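J.: Handing you a structure now.
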Amino acid sequence: MLSARNFRKTIRLSHANVLKSYKYPIMELRPQSERIFYASYAGERFVLLSHYTKKQSKTDTKQVEHAMTLLEGWFARKQESVLYLTFISFRYILFISKRYKRTVDIEMMNELYVLGELMEKPKTAYRLRQSMQVSLGRHRKTSFGVIYPLFERLEKEGYITLTIQDDDKRSTRLAAITKKGEARFFNLMHEPVPEGAHTDDIFQIKLDSMQHLPLSKQQDLLDQYMNEQVAIVDDCQAELEHLKKHEKKDHWYAMQKMQLRLKQAQVTQQWIQEFKAALKKNGGFQSND
């Protein structure tokens, strides 16, 4: 609400007048027979409201009421603009938080992959880069600009050791996991897979390293992956039902793509069931050697 404290008289001239006994503290400029209604807001800021030419000895009350209406309208618009700016600020904060979450997910994914690979044996950055591309797909290339800083951070935190190896052509750094790094690996493996753009990538990396977990934890991981596929199937079926209600050309093409995603999730569900059955039957991997 407007109050007298919001609006103050800031022009103290003979042709300026404060109108009293009205709802809001409104002011009037009086150059000759002209009348200009205005208000002062936030110190030295002014809101010009309306103007009329005075033809009577007294101020026209209808003109004052009209100025009051304009003042209320201005204040309402100002509140809306504040709300809009607040909304825009919230959208920006939400965007930044999502971007930060994606960054955290990628860092967690890369760290888990490196530690998981080093659980097998020491490896160079080149070998890790190659194996990660095989694991996530031939188009998923991780640059050395990501791997080398990660090496340095993991070494600083005591998760790996780096040994310089010299050959005839160049020097390479061989990474090996430490006991502290092994503990970190198991902690990451036990953490729930975060929902986001890299959910499936993180599942793939965990599946690559699940052999280091106890059999019960391997089953738990497969159950988590199954729940993810169930959610995908439910989403696809719901979207297909929605698209069927409106027969349009673009909807028909969207349905074909949705059918592909649905079948992929269903095939993955079948694979999980067969994998779990094999684990239960064999108790994990059994070597023929």
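Chains: A, B, ... in order of the structure tokens. Residues: from 1 per chain. Ligands: from 1, in order shown.
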With a distance cut-off of 12 Å and only C-alpha atoms, select the neighbouring residues of A:Leu154, excluding the residue or stretch itself and same-chain residues fewer than 2 positions from it, and output the selection as a PDB file with C-alpha atoms, in the first residue's frame.
T.:
ATOM      1  CA  GLU A 107      33.023 -34.717 -12.301  1.00  0.00           C
ATOM      2  CA  MET A 108      31.579 -37.588 -10.270  1.00  0.00           C
ATOM      3  CA  ASN A 110      34.800 -39.110 -14.547  1.00  0.00           C
ATOM      4  CA  GLU A 111      36.202 -39.727 -11.080  1.00  0.00           C
ATOM      5  CA  LEU A 112      34.243 -42.960 -10.683  1.00  0.00           C
ATOM      6  CA  VAL A 114      39.044 -43.502 -13.468  1.00  0.00           C
ATOM      7  CA  LEU A 115      39.026 -45.121 -10.027  1.00  0.00           C
ATOM      8  CA  LEU A 118      42.460 -48.377 -11.777  1.00  0.00           C
ATOM      9  CA  ILE A 147      41.898 -36.319 -17.578  1.00  0.00           C
ATOM     10  CA  TYR A 148      45.175 -34.628 -16.590  1.00  0.00           C
ATOM     11  CA  PRO A 149      43.590 -32.100 -14.178  1.00  0.00           C
ATOM     12  CA  LEU A 150      41.569 -34.987 -12.734  1.00  0.00           C
ATOM     13  CA  PHE A 151      44.791 -36.963 -12.254  1.00  0.00           C
ATOM     14  CA  GLU A 152      46.320 -34.032 -10.389  1.00  0.00           C
ATOM     15  CA  LYS A 156      46.483 -34.346  -4.317  1.00  0.00           C
ATOM     16  CA  GLU A 157      43.586 -35.935  -2.423  1.00  0.00           C
ATOM     17  CA  GLY A 158      45.562 -39.150  -1.977  1.00  0.00           C
ATOM     18  CA  TYR A 159      43.342 -41.352  -4.144  1.00  0.00           C
ATOM     19  CA  ILE A 160      46.005 -42.228  -6.730  1.00  0.00           C
ATOM     20  CA  THR A 161      49.749 -42.105  -7.231  1.00  0.00           C
ATOM     21  CA  LEU A 162      51.398 -40.912 -10.439  1.00  0.00           C
ATOM     22  CA  ALA A 175      48.277 -43.815 -12.431  1.00  0.00           C
ATOM     23  CA  ALA A 176      47.738 -46.375  -9.664  1.00  0.00           C
ATOM     24  CA  ILE A 177      44.981 -46.427  -7.065  1.00  0.00           C
ATOM     25  CA  THR A 178      45.736 -46.193  -3.334  1.00  0.00           C
ATOM     26  CA  LYS A 180      42.239 -44.377   0.182  1.00  0.00           C
ATOM     27  CA  GLY A 181      41.276 -44.350  -3.483  1.00  0.00           C
ATOM     28  CA  GLU A 182      39.719 -47.802  -3.169  1.00  0.00           C
ATOM     29  CA  ARG A 184      36.563 -43.577  -2.332  1.00  0.00           C
ATOM     30  CA  PHE A 185      35.634 -45.885  -5.224  1.00  0.00           C
TER      31      PHE A 185
END
J.: What are the closest atom pairs, with distances in Å to one decimal, for all residues of stretch 173-233 of chain A lying within 9 Å of stretch 266-283 of chain A? Consider only C-alpha atoms, order rows by chain and residue number, and present the result as a Markdown table.
T.:
| residue | atom | partner | partner_atom | distance |
| --- | --- | --- | --- | --- |
| A:Leu215 | CA | A:Gly283 | CA | 7.1 |
| A:Gln218 | CA | A:Leu279 | CA | 8.7 |
| A:Gln219 | CA | A:Lys276 | CA | 6.6 |
| A:Leu222 | CA | A:Ile272 | CA | 6.5 |
| A:Asp223 | CA | A:Ile272 | CA | 8.2 |
| A:Tyr225 | CA | A:Ile272 | CA | 8.0 |
| A:Met226 | CA | A:Gln269 | CA | 6.1 |
| A:Gln229 | CA | A:Gln269 | CA | 6.5 |
| A:Val230 | CA | A:Gln269 | CA | 7.8 |
| A:Val233 | CA | A:Gln266 | CA | 7.2 |
J.: Keeping only N, CA and C atoms, write the selected residues as a CSV table (one decimal), in the first residue's frame.
T.:
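Saved file out.csv follows:
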chain,number,residue,atom,x,y,z
A,215,LEU,N,28.2,-59.6,-4.1
A,215,LEU,CA,27.1,-60.1,-5.0
A,215,LEU,C,25.8,-59.4,-4.6
A,218,GLN,N,25.8,-56.0,-6.2
A,218,GLN,CA,25.6,-56.1,-7.6
A,218,GLN,C,24.1,-56.2,-7.9
A,219,GLN,N,23.4,-57.1,-7.1
A,219,GLN,CA,22.0,-57.2,-7.3
A,219,GLN,C,21.3,-55.9,-7.1
A,222,LEU,N,21.7,-53.6,-10.1
A,222,LEU,CA,20.8,-54.0,-11.2
A,222,LEU,C,19.3,-53.6,-10.9
A,223,ASP,N,18.9,-53.7,-9.6
A,223,ASP,CA,17.6,-53.3,-9.2
A,223,ASP,C,17.4,-51.8,-9.5
A,225,TYR,N,18.9,-50.0,-11.6
A,225,TYR,CA,18.9,-49.8,-13.1
A,225,TYR,C,17.5,-50.3,-13.7
A,226,MET,N,17.0,-51.3,-13.1
A,226,MET,CA,15.7,-51.8,-13.5
A,226,MET,C,14.6,-50.7,-13.2
A,229,GLN,N,14.6,-48.1,-15.8
A,229,GLN,CA,14.0,-48.5,-17.1
A,229,GLN,C,12.5,-48.6,-16.9
A,230,VAL,N,12.0,-49.0,-15.8
A,230,VAL,CA,10.5,-49.0,-15.5
A,230,VAL,C,10.0,-47.5,-15.7
A,233,VAL,N,9.8,-46.6,-19.3
A,233,VAL,CA,8.7,-47.3,-20.0
A,233,VAL,C,7.4,-46.6,-19.7
J.: From the DSSP assignment of the backbone, select every residue of stretch 115-183 of chain A that is strand (DSSP E or B), and format the answer as a list in words.
T.: Lys123, Thr124, Ile160, Thr161, Leu162, Thr163, Ile164, Gln165, Asp166, Ser171, Thr172, Arg173, Leu174, Ala175, Ala176 and Ile177 of chain A
J.: Point out the residue among A:Lys55, A:Arg35, A:Lys206, A:Arg170 with the least atom-to-atom distance to A:Tyr113, counting only C-alpha atoms.
T.: A:Lys206
J.: Would you mind listing what lies within 9 Å of A:Gln63 as a list in words, with only C-alpha atoms counted and same-chain residues fewer than 3 positions away left out?
T.: Phe37, Ser50, His51, Tyr52, Thr59, Asp60, His66, Ala67 and Met68 of chain A
J.: Would you save the residues of that selection, restricted to N, CA and C atoms, as a PDB file, in the first residue's frame?
T.:
ATOM      1  N   PHE A  37      -0.386  17.393 -11.756  1.00  0.00           N
ATOM      2  CA  PHE A  37      -0.340  16.576 -10.549  1.00  0.00           C
ATOM      3  C   PHE A  37       0.860  15.628 -10.631  1.00  0.00           C
ATOM      4  N   SER A  50      -0.945  13.687 -14.241  1.00  0.00           N
ATOM      5  CA  SER A  50      -1.909  14.243 -15.197  1.00  0.00           C
ATOM      6  C   SER A  50      -1.796  15.768 -15.234  1.00  0.00           C
ATOM      7  N   HIS A  51      -2.487  16.345 -16.215  1.00  0.00           N
ATOM      8  CA  HIS A  51      -2.455  17.799 -16.405  1.00  0.00           C
ATOM      9  C   HIS A  51      -3.837  18.275 -16.858  1.00  0.00           C
ATOM     10  N   TYR A  52      -4.199  19.469 -16.401  1.00  0.00           N
ATOM     11  CA  TYR A  52      -5.414  20.107 -16.922  1.00  0.00           C
ATOM     12  C   TYR A  52      -5.282  21.616 -16.753  1.00  0.00           C
ATOM     13  N   THR A  59      -9.622  23.946  -7.014  1.00  0.00           N
ATOM     14  CA  THR A  59      -9.082  22.792  -7.737  1.00  0.00           C
ATOM     15  C   THR A  59     -10.204  21.812  -8.034  1.00  0.00           C
ATOM     16  N   ASP A  60     -10.226  21.314  -9.258  1.00  0.00           N
ATOM     17  CA  ASP A  60     -11.266  20.379  -9.694  1.00  0.00           C
ATOM     18  C   ASP A  60     -11.050  19.026  -9.003  1.00  0.00           C
ATOM     19  N   HIS A  66      -8.900  11.617 -10.616  1.00  0.00           N
ATOM     20  CA  HIS A  66      -8.313  10.988 -11.801  1.00  0.00           C
ATOM     21  C   HIS A  66      -6.806  10.777 -11.606  1.00  0.00           C
ATOM     22  N   ALA A  67      -6.144  11.765 -11.034  1.00  0.00           N
ATOM     23  CA  ALA A  67      -4.710  11.642 -10.759  1.00  0.00           C
ATOM     24  C   ALA A  67      -4.445  10.531  -9.742  1.00  0.00           C
ATOM     25  N   MET A  68      -5.337  10.417  -8.740  1.00  0.00           N
ATOM     26  CA  MET A  68      -5.201   9.358  -7.752  1.00  0.00           C
ATOM     27  C   MET A  68      -5.312   7.979  -8.413  1.00  0.00           C
TER      28      MET A  68
END
J.: Find the spatial neighbours of A:Thr199, counting only C-alpha atoms, within a cut-off of 10 Å - ignore same-chain residues fewer than 2 positions away - and output them as a list in words.
T.: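 Surrounding residues, per the criterion: Asp105, Ile106, Met109, Val193, Pro194, Glu195, Gly196, Ala197, Asp201, Ile202, Phe203, Gln204, Tyr225 and Glu228 of chain A.
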J.: Atom CA of A:Ala183 and atom CA of A:His212, how far apart in Å?
T.: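 A separation of 11.8 Å between them.
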